[in-house]
file entry18.pdb (PDB, C-alpha atoms, pLDDT in the B column)
ATOM      1  CA  MET E   1      60.446   5.748  90.547  1.00 38.00           C
ATOM      2  CA  GLY E   2      62.428   3.403  88.303  1.00 45.00           C
ATOM      3  CA  TRP E   3      61.413   3.419  84.688  1.00 44.00           C
ATOM      4  CA  ARG E   4      58.013   5.102  85.173  1.00 51.00           C
ATOM      5  CA  ASP E   5      56.923   8.471  86.584  1.00 48.00           C
ATOM      6  CA  GLU E   6      54.023   9.241  88.904  1.00 53.00           C
ATOM      7  CA  LYS E   7      51.561   8.970  86.017  1.00 56.00           C
ATOM      8  CA  GLY E   8      52.849   5.610  84.893  1.00 58.00           C
ATOM      9  CA  ARG E   9      54.734   7.004  81.894  1.00 51.00           C
ATOM     10  CA  PRO E  10      58.183   5.648  81.004  1.00 53.00           C
ATOM     11  CA  SER E  11      60.603   8.028  82.677  1.00 51.00           C
ATOM     12  CA  ARG E  12      64.292   8.234  83.485  1.00 50.00           C
ATOM     13  CA  PHE E  13      66.999  10.727  84.418  1.00 46.00           C
ATOM     14  CA  LYS E  14      70.146  10.772  82.287  1.00 51.00           C
ATOM     15  CA  GLY E  15      72.405  12.926  84.456  1.00 45.00           C
ATOM     16  CA  PRO E  16      70.518  16.226  84.807  1.00 45.00           C
ATOM     17  CA  VAL E  17      68.320  15.425  81.792  1.00 53.00           C
ATOM     18  CA  ARG E  18      64.790  14.036  82.252  1.00 51.00           C
ATOM     19  CA  LEU E  19      63.610  11.664  79.523  1.00 58.00           C
ATOM     20  CA  ARG E  20      60.038  10.466  79.058  1.00 65.00           C
ATOM     21  CA  ARG E  21      58.038   8.199  76.779  1.00 63.00           C
ATOM     22  CA  ASP E  22      59.841   7.323  73.536  1.00 66.00           C
ATOM     23  CA  GLN E  23      62.946   9.266  74.551  1.00 64.00           C
ATOM     24  CA  VAL E  24      63.774   6.837  77.359  1.00 65.00           C
ATOM     25  CA  GLU E  25      66.809   4.744  76.461  1.00 65.00           C
ATOM     26  CA  THR E  26      67.038   1.100  77.425  1.00 66.00           C
ATOM     27  CA  THR E  27      70.776   1.149  78.150  1.00 65.00           C
ATOM     28  CA  THR E  28      72.994   3.323  80.322  1.00 57.00           C
ATOM     29  CA  THR E  29      75.800   5.607  79.189  1.00 50.00           C
ATOM     30  CA  ASP E  30      78.535   3.631  80.918  1.00 48.00           C
ATOM     31  CA  GLN E  31      77.109   0.399  79.521  1.00 61.00           C
ATOM     32  CA  ARG E  32      77.369   1.774  76.008  1.00 55.00           C
ATOM     33  CA  LEU E  33      80.878   3.042  76.750  1.00 50.00           C
ATOM     34  CA  LEU E  34      82.141  -0.321  77.987  1.00 58.00           C
ATOM     35  CA  ASP E  35      80.270  -2.500  75.528  1.00 63.00           C
ATOM     36  CA  SER E  36      82.417  -2.897  72.407  1.00 57.00           C
ATOM     37  CA  ARG E  37      79.526  -4.267  70.383  1.00 57.00           C
ATOM     38  CA  GLY E  38      77.031  -2.261  68.401  1.00 55.00           C
ATOM     39  CA  PRO E  39      77.222   0.950  66.346  1.00 57.00           C
ATOM     40  CA  HIS E  40      79.845   3.634  66.890  1.00 58.00           C
ATOM     41  CA  ASP E  41      77.653   6.607  65.996  1.00 63.00           C
ATOM     42  CA  TRP E  42      78.315   8.158  69.416  1.00 55.00           C
ATOM     43  CA  VAL E  43      81.531   9.733  68.107  1.00 57.00           C
ATOM     44  CA  HIS E  44      79.448  11.973  65.838  1.00 59.00           C
ATOM     45  CA  THR E  45      76.921  13.148  68.419  1.00 68.00           C
ATOM     46  CA  ASP E  46      76.725  16.406  70.385  1.00 68.00           C
ATOM     47  CA  PRO E  47      78.637  15.231  73.501  1.00 74.00           C
ATOM     48  CA  TRP E  48      81.636  14.446  71.285  1.00 77.00           C
ATOM     49  CA  ARG E  49      81.384  17.856  69.651  1.00 77.00           C
ATOM     50  CA  VAL E  50      81.963  19.456  73.051  1.00 85.00           C
ATOM     51  CA  LEU E  51      85.508  18.086  72.975  1.00 87.00           C
ATOM     52  CA  ARG E  52      86.006  19.411  69.466  1.00 84.00           C
ATOM     53  CA  ILE E  53      84.770  22.840  70.590  1.00 88.00           C
ATOM     54  CA  GLN E  54      87.091  22.692  73.584  1.00 94.00           C
ATOM     55  CA  ALA E  55      89.988  21.829  71.295  1.00 92.00           C
ATOM     56  CA  GLU E  56      89.279  24.879  69.121  1.00 91.00           C
ATOM     57  CA  PHE E  57      89.321  27.155  72.145  1.00 95.00           C
ATOM     58  CA  VAL E  58      92.592  25.640  73.360  1.00 95.00           C
ATOM     59  CA  GLU E  59      94.176  25.984  69.921  1.00 93.00           C
ATOM     60  CA  GLY E  60      93.083  29.605  69.573  1.00 95.00           C
ATOM     61  CA  PHE E  61      94.135  30.627  73.066  1.00 96.00           C
ATOM     62  CA  GLY E  62      97.473  28.892  72.719  1.00 94.00           C
ATOM     63  CA  GLN E  63      98.285  30.462  69.364  1.00 94.00           C
ATOM     64  CA  LEU E  64      97.172  34.006  70.193  1.00 95.00           C
ATOM     65  CA  ALA E  65      98.096  34.363  73.869  1.00 94.00           C
ATOM     66  CA  GLU E  66     101.333  36.221  73.083  1.00 93.00           C
ATOM     67  CA  LEU E  67      99.994  38.257  70.178  1.00 94.00           C
ATOM     68  CA  GLY E  68     100.296  41.593  71.981  1.00 93.00           C
ATOM     69  CA  SER E  69      98.349  44.698  70.972  1.00 96.00           C
ATOM     70  CA  ALA E  70      96.097  43.929  68.041  1.00 97.00           C
ATOM     71  CA  VAL E  71      93.226  45.474  66.115  1.00 98.00           C
ATOM     72  CA  ALA E  72      90.618  43.554  64.135  1.00 98.00           C
ATOM     73  CA  VAL E  73      89.831  44.802  60.639  1.00 98.00           C
ATOM     74  CA  PHE E  74      86.557  43.726  59.063  1.00 98.00           C
ATOM     75  CA  GLY E  75      85.211  44.176  55.566  1.00 98.00           C
ATOM     76  CA  SER E  76      83.621  42.381  52.672  1.00 97.00           C
ATOM     77  CA  ALA E  77      85.146  39.301  51.094  1.00 95.00           C
ATOM     78  CA  ARG E  78      83.624  40.602  47.847  1.00 96.00           C
ATOM     79  CA  THR E  79      85.613  43.839  47.781  1.00 97.00           C
ATOM     80  CA  THR E  80      87.590  43.934  44.523  1.00 97.00           C
ATOM     81  CA  PRO E  81      91.066  45.430  44.035  1.00 97.00           C
ATOM     82  CA  ASP E  82      89.674  48.269  41.929  1.00 97.00           C
ATOM     83  CA  GLU E  83      87.407  49.532  44.747  1.00 97.00           C
ATOM     84  CA  PRO E  84      88.613  52.424  46.916  1.00 96.00           C
ATOM     85  CA  SER E  85      87.933  50.427  50.086  1.00 97.00           C
ATOM     86  CA  PHE E  86      90.450  47.787  48.985  1.00 98.00           C
ATOM     87  CA  ALA E  87      93.294  50.310  48.930  1.00 98.00           C
ATOM     88  CA  GLN E  88      91.953  51.789  52.150  1.00 98.00           C
ATOM     89  CA  ALA E  89      92.018  48.387  53.864  1.00 98.00           C
ATOM     90  CA  GLU E  90      95.609  47.887  52.771  1.00 98.00           C
ATOM     91  CA  GLU E  91      96.495  51.321  54.165  1.00 98.00           C
ATOM     92  CA  VAL E  92      94.772  50.438  57.442  1.00 98.00           C
ATOM     93  CA  GLY E  93      96.829  47.264  57.759  1.00 98.00           C
ATOM     94  CA  ARG E  94     100.073  49.091  57.075  1.00 98.00           C
ATOM     95  CA  LYS E  95      99.426  51.999  59.423  1.00 98.00           C
ATOM     96  CA  LEU E  96      98.246  49.769  62.269  1.00 98.00           C
ATOM     97  CA  VAL E  97     101.551  47.899  62.077  1.00 98.00           C
ATOM     98  CA  GLU E  98     103.450  51.189  62.022  1.00 98.00           C
ATOM     99  CA  ALA E  99     101.573  52.127  65.205  1.00 98.00           C
ATOM    100  CA  GLY E 100     102.671  48.892  66.893  1.00 97.00           C
ATOM    101  CA  PHE E 101      99.592  46.723  66.402  1.00 98.00           C
ATOM    102  CA  ALA E 102      99.136  43.247  65.005  1.00 98.00           C
ATOM    103  CA  VAL E 103      96.334  43.085  62.437  1.00 98.00           C
ATOM    104  CA  VAL E 104      93.595  40.463  62.786  1.00 98.00           C
ATOM    105  CA  THR E 105      91.096  39.736  60.025  1.00 98.00           C
ATOM    106  CA  GLY E 106      88.736  36.948  59.072  1.00 96.00           C
ATOM    107  CA  GLY E 107      91.479  35.670  56.800  1.00 95.00           C
ATOM    108  CA  GLY E 108      89.378  35.686  53.656  1.00 94.00           C
ATOM    109  CA  PRO E 109      89.636  37.532  50.349  1.00 95.00           C
ATOM    110  CA  GLY E 110      88.595  41.102  49.547  1.00 97.00           C
ATOM    111  CA  ALA E 111      89.038  43.730  52.230  1.00 98.00           C
ATOM    112  CA  MET E 112      90.412  41.142  54.629  1.00 97.00           C
ATOM    113  CA  GLU E 113      93.147  40.142  52.219  1.00 98.00           C
ATOM    114  CA  ALA E 114      93.999  43.789  51.615  1.00 98.00           C
ATOM    115  CA  ALA E 115      94.417  44.478  55.341  1.00 98.00           C
ATOM    116  CA  ASN E 116      96.525  41.336  55.781  1.00 98.00           C
ATOM    117  CA  ARG E 117      98.645  42.383  52.820  1.00 98.00           C
ATOM    118  CA  GLY E 118      99.252  45.841  54.216  1.00 98.00           C
ATOM    119  CA  ALA E 119     100.230  44.409  57.582  1.00 98.00           C
ATOM    120  CA  SER E 120     102.503  41.718  56.187  1.00 97.00           C
ATOM    121  CA  GLN E 121     104.292  44.023  53.757  1.00 97.00           C
ATOM    122  CA  ALA E 122     104.871  46.483  56.594  1.00 97.00           C
ATOM    123  CA  GLY E 123     106.692  43.763  58.518  1.00 97.00           C
ATOM    124  CA  GLY E 124     104.026  43.281  61.171  1.00 97.00           C
ATOM    125  CA  VAL E 125     102.037  40.317  62.436  1.00 96.00           C
ATOM    126  CA  SER E 126      99.246  39.503  59.985  1.00 97.00           C
ATOM    127  CA  VAL E 127      96.642  37.201  61.543  1.00 97.00           C
ATOM    128  CA  GLY E 128      93.734  35.443  59.856  1.00 96.00           C
ATOM    129  CA  LEU E 129      90.958  33.766  61.817  1.00 96.00           C
ATOM    130  CA  GLY E 130      89.154  31.788  59.167  1.00 91.00           C
ATOM    131  CA  ILE E 131      85.919  29.846  59.212  1.00 87.00           C
ATOM    132  CA  GLU E 132      84.921  26.788  57.216  1.00 81.00           C
ATOM    133  CA  LEU E 133      82.388  27.914  54.629  1.00 72.00           C
ATOM    134  CA  PRO E 134      81.131  26.145  51.504  1.00 67.00           C
ATOM    135  CA  PHE E 135      81.817  29.159  49.288  1.00 64.00           C
ATOM    136  CA  GLU E 136      85.262  30.322  50.449  1.00 60.00           C
ATOM    137  CA  SER E 137      88.626  28.744  49.737  1.00 63.00           C
ATOM    138  CA  GLY E 138      90.482  29.182  53.015  1.00 77.00           C
ATOM    139  CA  LEU E 139      92.961  31.750  54.276  1.00 91.00           C
ATOM    140  CA  ASN E 140      94.444  34.338  51.952  1.00 94.00           C
ATOM    141  CA  ASP E 141      98.143  34.289  51.033  1.00 94.00           C
ATOM    142  CA  TRP E 142      98.999  37.322  53.202  1.00 96.00           C
ATOM    143  CA  VAL E 143      98.074  35.635  56.471  1.00 96.00           C
ATOM    144  CA  ASP E 144     101.240  34.890  58.463  1.00 94.00           C
ATOM    145  CA  VAL E 145      99.459  33.411  61.496  1.00 94.00           C
ATOM    146  CA  GLY E 146      96.310  31.570  60.545  1.00 93.00           C
ATOM    147  CA  ILE E 147      93.707  29.514  62.376  1.00 93.00           C
ATOM    148  CA  ASN E 148      90.719  27.997  60.629  1.00 89.00           C
ATOM    149  CA  PHE E 149      87.703  27.412  62.880  1.00 89.00           C
ATOM    150  CA  ARG E 150      84.680  25.161  62.594  1.00 85.00           C
ATOM    151  CA  TYR E 151      82.504  27.155  64.973  1.00 88.00           C
ATOM    152  CA  PHE E 152      81.583  30.802  64.542  1.00 89.00           C
ATOM    153  CA  PHE E 153      81.210  31.431  68.278  1.00 91.00           C
ATOM    154  CA  VAL E 154      84.744  30.205  69.009  1.00 92.00           C
ATOM    155  CA  ARG E 155      86.098  32.454  66.276  1.00 94.00           C
ATOM    156  CA  LYS E 156      84.159  35.448  67.603  1.00 94.00           C
ATOM    157  CA  THR E 157      85.611  34.892  71.055  1.00 95.00           C
ATOM    158  CA  MET E 158      89.124  35.092  69.595  1.00 96.00           C
ATOM    159  CA  PHE E 159      88.374  38.367  67.822  1.00 96.00           C
ATOM    160  CA  VAL E 160      87.078  40.041  70.951  1.00 94.00           C
ATOM    161  CA  LYS E 161      89.586  38.556  73.387  1.00 94.00           C
ATOM    162  CA  TYR E 162      92.707  39.392  71.413  1.00 95.00           C
ATOM    163  CA  SER E 163      91.733  42.664  69.726  1.00 96.00           C
ATOM    164  CA  GLN E 164      91.822  46.066  71.402  1.00 94.00           C
ATOM    165  CA  GLY E 165      89.346  47.517  68.914  1.00 96.00           C
ATOM    166  CA  TYR E 166      87.572  47.093  65.581  1.00 97.00           C
ATOM    167  CA  ILE E 167      87.964  48.995  62.331  1.00 98.00           C
ATOM    168  CA  VAL E 168      85.040  48.147  60.073  1.00 98.00           C
ATOM    169  CA  LEU E 169      85.157  48.772  56.342  1.00 98.00           C
ATOM    170  CA  PRO E 170      82.221  48.365  53.946  1.00 98.00           C
ATOM    171  CA  GLY E 171      80.906  44.834  54.139  1.00 98.00           C
ATOM    172  CA  GLY E 172      77.899  42.580  54.097  1.00 97.00           C
ATOM    173  CA  VAL E 173      76.075  40.298  56.509  1.00 96.00           C
ATOM    174  CA  GLY E 174      79.208  38.873  58.115  1.00 93.00           C
ATOM    175  CA  THR E 175      80.658  42.327  58.671  1.00 97.00           C
ATOM    176  CA  LEU E 176      77.402  43.524  60.219  1.00 97.00           C
ATOM    177  CA  ASP E 177      77.371  40.452  62.443  1.00 95.00           C
ATOM    178  CA  GLU E 178      80.816  41.265  63.841  1.00 95.00           C
ATOM    179  CA  LEU E 179      79.949  44.952  64.205  1.00 96.00           C
ATOM    180  CA  PHE E 180      76.773  44.365  66.185  1.00 96.00           C
ATOM    181  CA  GLU E 181      78.396  41.627  68.253  1.00 94.00           C
ATOM    182  CA  ALA E 182      80.996  44.199  69.350  1.00 94.00           C
ATOM    183  CA  LEU E 183      78.319  46.819  69.998  1.00 95.00           C
ATOM    184  CA  THR E 184      76.312  44.385  72.125  1.00 94.00           C
ATOM    185  CA  LEU E 185      79.340  43.364  74.180  1.00 93.00           C
ATOM    186  CA  SER E 186      80.302  47.005  74.693  1.00 92.00           C
ATOM    187  CA  GLN E 187      76.762  48.091  75.556  1.00 92.00           C
ATOM    188  CA  THR E 188      76.420  45.330  78.141  1.00 91.00           C
ATOM    189  CA  ARG E 189      79.935  46.059  79.461  1.00 89.00           C
ATOM    190  CA  LYS E 190      81.187  42.592  78.693  1.00 89.00           C
ATOM    191  CA  VAL E 191      84.151  44.393  77.145  1.00 86.00           C
ATOM    192  CA  THR E 192      85.486  47.829  78.103  1.00 80.00           C
ATOM    193  CA  GLN E 193      87.746  50.360  76.386  1.00 76.00           C
ATOM    194  CA  PHE E 194      86.791  48.950  73.004  1.00 89.00           C
ATOM    195  CA  PRO E 195      86.803  51.538  70.193  1.00 95.00           C
ATOM    196  CA  ILE E 196      84.751  50.788  67.095  1.00 97.00           C
ATOM    197  CA  VAL E 197      85.472  52.789  63.946  1.00 98.00           C
ATOM    198  CA  LEU E 198      83.304  52.672  60.822  1.00 98.00           C
ATOM    199  CA  LEU E 199      85.517  53.563  57.885  1.00 98.00           C
ATOM    200  CA  GLY E 200      83.552  54.938  54.929  1.00 97.00           C
ATOM    201  CA  THR E 201      81.026  57.700  55.546  1.00 98.00           C
ATOM    202  CA  ALA E 202      79.160  57.194  52.261  1.00 97.00           C
ATOM    203  CA  TYR E 203      78.652  53.508  53.039  1.00 98.00           C
ATOM    204  CA  TRP E 204      77.810  53.637  56.756  1.00 98.00           C
ATOM    205  CA  SER E 205      75.879  56.915  57.055  1.00 98.00           C
ATOM    206  CA  GLY E 206      72.591  55.324  56.061  1.00 98.00           C
ATOM    207  CA  LEU E 207      72.850  52.733  58.820  1.00 98.00           C
ATOM    208  CA  LEU E 208      73.670  55.335  61.456  1.00 98.00           C
ATOM    209  CA  ASP E 209      70.883  57.607  60.201  1.00 98.00           C
ATOM    210  CA  TRP E 210      68.377  54.768  60.557  1.00 98.00           C
ATOM    211  CA  MET E 211      69.630  53.915  64.038  1.00 98.00           C
ATOM    212  CA  ARG E 212      69.351  57.577  65.060  1.00 98.00           C
ATOM    213  CA  ASP E 213      66.066  58.438  63.312  1.00 98.00           C
ATOM    214  CA  THR E 214      64.248  55.184  64.041  1.00 98.00           C
ATOM    215  CA  GLN E 215      65.792  53.223  66.903  1.00 98.00           C
ATOM    216  CA  LEU E 216      66.850  56.215  68.990  1.00 98.00           C
ATOM    217  CA  ALA E 217      63.719  58.208  68.153  1.00 98.00           C
ATOM    218  CA  GLU E 218      61.520  55.320  69.313  1.00 98.00           C
ATOM    219  CA  GLY E 219      63.538  54.746  72.462  1.00 98.00           C
ATOM    220  CA  LYS E 220      64.930  51.372  71.438  1.00 97.00           C
ATOM    221  CA  ILE E 221      68.540  52.481  71.945  1.00 97.00           C
ATOM    222  CA  SER E 222      70.315  55.274  73.823  1.00 96.00           C
ATOM    223  CA  GLN E 223      72.542  58.019  72.509  1.00 97.00           C
ATOM    224  CA  SER E 224      75.416  56.332  74.326  1.00 95.00           C
ATOM    225  CA  ASP E 225      74.922  53.310  72.060  1.00 95.00           C
ATOM    226  CA  LEU E 226      75.481  55.463  68.990  1.00 96.00           C
ATOM    227  CA  ASP E 227      78.427  57.149  70.649  1.00 96.00           C
ATOM    228  CA  MET E 228      80.252  53.818  70.797  1.00 95.00           C
ATOM    229  CA  MET E 229      80.922  54.151  67.057  1.00 97.00           C
ATOM    230  CA  VAL E 230      83.087  56.706  65.277  1.00 98.00           C
ATOM    231  CA  LEU E 231      82.390  57.350  61.590  1.00 98.00           C
ATOM    232  CA  THR E 232      85.244  58.615  59.433  1.00 98.00           C
ATOM    233  CA  ASP E 233      86.974  58.415  56.066  1.00 98.00           C
ATOM    234  CA  ASP E 234      90.367  59.173  57.593  1.00 98.00           C
ATOM    235  CA  VAL E 235      92.607  56.137  58.160  1.00 98.00           C
ATOM    236  CA  ASP E 236      94.946  58.189  60.347  1.00 98.00           C
ATOM    237  CA  GLU E 237      92.034  59.145  62.601  1.00 98.00           C
ATOM    238  CA  ALA E 238      90.957  55.504  62.863  1.00 98.00           C
ATOM    239  CA  VAL E 239      94.447  54.379  63.848  1.00 98.00           C
ATOM    240  CA  ALA E 240      94.855  57.304  66.277  1.00 98.00           C
ATOM    241  CA  LEU E 241      91.688  56.227  68.093  1.00 97.00           C
ATOM    242  CA  MET E 242      93.138  52.744  68.528  1.00 97.00           C
ATOM    243  CA  VAL E 243      96.401  54.195  69.844  1.00 97.00           C
ATOM    244  CA  ALA E 244      94.534  56.440  72.290  1.00 95.00           C
ATOM    245  CA  ALA E 245      92.511  53.496  73.588  1.00 92.00           C
ATOM    246  CA  ARG E 246      95.677  51.464  74.079  1.00 92.00           C
ATOM    247  CA  GLU E 247      97.348  54.293  75.997  1.00 91.00           C
ATOM    248  CA  GLN E 248      94.277  54.693  78.176  1.00 87.00           C
ATOM    249  CA  GLU E 249      94.241  50.973  78.895  1.00 83.00           C
ATOM    250  CA  ASP E 250      97.961  51.046  79.738  1.00 82.00           C
ATOM    251  CA  ARG E 251      97.403  53.890  82.206  1.00 82.00           C
ATOM    252  CA  ALA E 252      94.486  52.087  83.804  1.00 78.00           C
ATOM    253  CA  GLY E 253      96.519  48.899  84.084  1.00 66.00           C
TER     254      GLY E 253
END

call {"tool": "encode", "arguments": {"input": "entry18.pdb", "output": "structure tokens"}}
result
Amino acid sequence: MGWRDEKGRPSRFKGPVRLRRDQVETTTTDQRLLDSRGPHDWVHTDPWRVLRIQAEFVEGFGQLAELGSAVAVFGSARTTPDEPSFAQAEEVGRKLVEAGFAVVTGGGPGAMEAANRGASQAGGVSVGLGIELPFESGLNDWVDVGINFRYFFVRKTMFVKYSQGYIVLPGGVGTLDELFEALTLSQTRKVTQFPIVLLGTAYWSGLLDWMRDTQLAEGKISQSDLDMMVLTDDVDEAVALMVAAREQEDRAG
């Protein structure tokens, strides 16, 4: 049909994409590639970003492929050293290393820094998977293996792919995001044998009560969805659940 469709409107396919009216371009992709004249804005457009995204995946996979058994620890970047959950995060990091795990966090301050500190001081592998944000200053000083990502979805893939489970301390929106991402992947069986521990009964009980009394009561979730999470204040119990999941995975493998 050339440059016009059956109704006489300007129309053209650009690969699998159909363009009409004002969206129709007057040059071809290979023409723009080979023509050295004109603007160079193409390097900042979405097709170029695909290569940048690919590069982040390659970098993450290459760096973490030999990490071994690891557990992700999440918690608020705003947790201060005088809060009980800060000391608890540090204890989690230390005891995970003693149990043979690497510790993976978001690499930021607060609870993440505490977990990285506990892991590093215990002589283990302390990993930080950071993200470029306008209000955070990069990876904390206790990260021994650090990767800073541009894209949240690439970073999330690394957490799930290279962690055998999540331990979630009190946190905010980002912590909830990671928690519910893990729950969704477990519920839909995208990941299996993936223990999720909520550490801090006073903090997390309200959320679980709402999920039970509202979501479950109205049939929006199943009891098995709630059963995917274990609520405790006991760091030893949290670590033991990770060890048990690893042993079960080893037997299955």

call {"tool": "resolve_selection", "arguments": {"input": "entry18.pdb", "expression": "the PyMOL selection byres ((chain E and resi 93) around 7)", "output": "JSON, numbers by chain"}}
result
{"E": [89, 90, 91, 92, 94, 95, 96, 97, 103, 115, 116, 118, 119]}

call {"tool": "resolve_selection", "arguments": {"input": "entry18.pdb", "expression": "the PyMOL selection byres ((chain E and resi 235) around 12)", "output": "PDB file with C-alpha atoms, keeping the file's coordinate frame"}}
result
ATOM      1  CA  VAL E  73      89.831  44.802  60.639  1.00 98.00           C
ATOM      2  CA  SER E  85      87.933  50.427  50.086  1.00 97.00           C
ATOM      3  CA  ALA E  87      93.294  50.310  48.930  1.00 98.00           C
ATOM      4  CA  GLN E  88      91.953  51.789  52.150  1.00 98.00           C
ATOM      5  CA  ALA E  89      92.018  48.387  53.864  1.00 98.00           C
ATOM      6  CA  GLU E  90      95.609  47.887  52.771  1.00 98.00           C
ATOM      7  CA  GLU E  91      96.495  51.321  54.165  1.00 98.00           C
ATOM      8  CA  VAL E  92      94.772  50.438  57.442  1.00 98.00           C
ATOM      9  CA  GLY E  93      96.829  47.264  57.759  1.00 98.00           C
ATOM     10  CA  ARG E  94     100.073  49.091  57.075  1.00 98.00           C
ATOM     11  CA  LYS E  95      99.426  51.999  59.423  1.00 98.00           C
ATOM     12  CA  LEU E  96      98.246  49.769  62.269  1.00 98.00           C
ATOM     13  CA  ILE E 167      87.964  48.995  62.331  1.00 98.00           C
ATOM     14  CA  VAL E 168      85.040  48.147  60.073  1.00 98.00           C
ATOM     15  CA  LEU E 169      85.157  48.772  56.342  1.00 98.00           C
ATOM     16  CA  VAL E 197      85.472  52.789  63.946  1.00 98.00           C
ATOM     17  CA  LEU E 198      83.304  52.672  60.822  1.00 98.00           C
ATOM     18  CA  LEU E 199      85.517  53.563  57.885  1.00 98.00           C
ATOM     19  CA  GLY E 200      83.552  54.938  54.929  1.00 97.00           C
ATOM     20  CA  THR E 201      81.026  57.700  55.546  1.00 98.00           C
ATOM     21  CA  VAL E 230      83.087  56.706  65.277  1.00 98.00           C
ATOM     22  CA  LEU E 231      82.390  57.350  61.590  1.00 98.00           C
ATOM     23  CA  THR E 232      85.244  58.615  59.433  1.00 98.00           C
ATOM     24  CA  ASP E 233      86.974  58.415  56.066  1.00 98.00           C
ATOM     25  CA  ASP E 234      90.367  59.173  57.593  1.00 98.00           C
ATOM     26  CA  ASP E 236      94.946  58.189  60.347  1.00 98.00           C
ATOM     27  CA  GLU E 237      92.034  59.145  62.601  1.00 98.00           C
ATOM     28  CA  ALA E 238      90.957  55.504  62.863  1.00 98.00           C
ATOM     29  CA  VAL E 239      94.447  54.379  63.848  1.00 98.00           C
ATOM     30  CA  ALA E 240      94.855  57.304  66.277  1.00 98.00           C
ATOM     31  CA  LEU E 241      91.688  56.227  68.093  1.00 97.00           C
ATOM     32  CA  MET E 242      93.138  52.744  68.528  1.00 97.00           C
TER      33      MET E 242
END

call {"tool": "residues_near_point", "arguments": {"input": "entry18.pdb", "point": "(90.9, 24.6, 66.4)", "cutoff": "8 Å", "atoms": "all atoms listed in the file", "output": "PyMOL selection string"}}
result
chain E and resi 52-53+55-60+147-150

call {"tool": "write_last_selection", "arguments": {"input": "entry18.pdb", "atoms": "C-alpha atoms", "output": "short mmCIF file (atom, residue, chain, number, x, y, z; two decimals), keeping the file's coordinate frame"}}
result
data_model
loop_
_atom_site.label_atom_id
_atom_site.label_comp_id
_atom_site.auth_asym_id
_atom_site.auth_seq_id
_atom_site.Cartn_x
_atom_site.Cartn_y
_atom_site.Cartn_z
CA ARG E 52 86.01 19.41 69.47
CA ILE E 53 84.77 22.84 70.59
CA ALA E 55 89.99 21.83 71.30
CA GLU E 56 89.28 24.88 69.12
CA PHE E 57 89.32 27.16 72.14
CA VAL E 58 92.59 25.64 73.36
CA GLU E 59 94.18 25.98 69.92
CA GLY E 60 93.08 29.60 69.57
CA ILE E 147 93.71 29.51 62.38
CA ASN E 148 90.72 28.00 60.63
CA PHE E 149 87.70 27.41 62.88
CA ARG E 150 84.68 25.16 62.59
#

call {"tool": "resolve_selection", "arguments": {"input": "entry18.pdb", "expression": "the PyMOL selection byres ((chain E and resi 61-66) around 12)", "output": "ChimeraX atom specification"}}
result
/E:54-60,67-70,102-104,125-129,145-148,154-155,157-163

call {"tool": "residues_around", "arguments": {"input": "entry18.pdb", "residues": "Ser76 in chain E", "least_positions_apart": "2", "cutoff": "7 Å", "atoms": "all atoms listed in the file", "output": "JSON, numbers by chain"}}
result
{"E": [78, 79, 110, 111, 170, 171, 172, 175]}

call {"tool": "write_last_selection", "arguments": {"input": "entry18.pdb", "atoms": "C-alpha atoms", "output": "compact mmCIF listing (two decimals), in the coordinates of the input"}}
result
# COMPACT_ATOMS: atom_id res chain seq x y z
CA ARG E 78 83.62 40.60 47.85
CA THR E 79 85.61 43.84 47.78
CA GLY E 110 88.60 41.10 49.55
CA ALA E 111 89.04 43.73 52.23
CA PRO E 170 82.22 48.36 53.95
CA GLY E 171 80.91 44.83 54.14
CA GLY E 172 77.90 42.58 54.10
CA THR E 175 80.66 42.33 58.67

call {"tool": "closest_residue", "arguments": {"input": "entry18.pdb", "among": "E:Val71, E:Ala252, E:Leu226, E:Ala99", "to": "Met211 in chain E", "atoms": "all atoms listed in the file"}}
result
E:Leu226

call {"tool": "atom_distance", "arguments": {"input": "entry18.pdb", "atom1": "CA of Ala182 in chain E", "atom2": "CA of Asp82 in chain E"}}
result
29.0 Å

call {"tool": "closest_residue", "arguments": {"input": "entry18.pdb", "among": "E:Glu98, E:Glu218, E:Asp209, E:Asp225", "to": "Gln187 in chain E", "atoms": "all atoms listed in the file"}}
result
E:Asp225
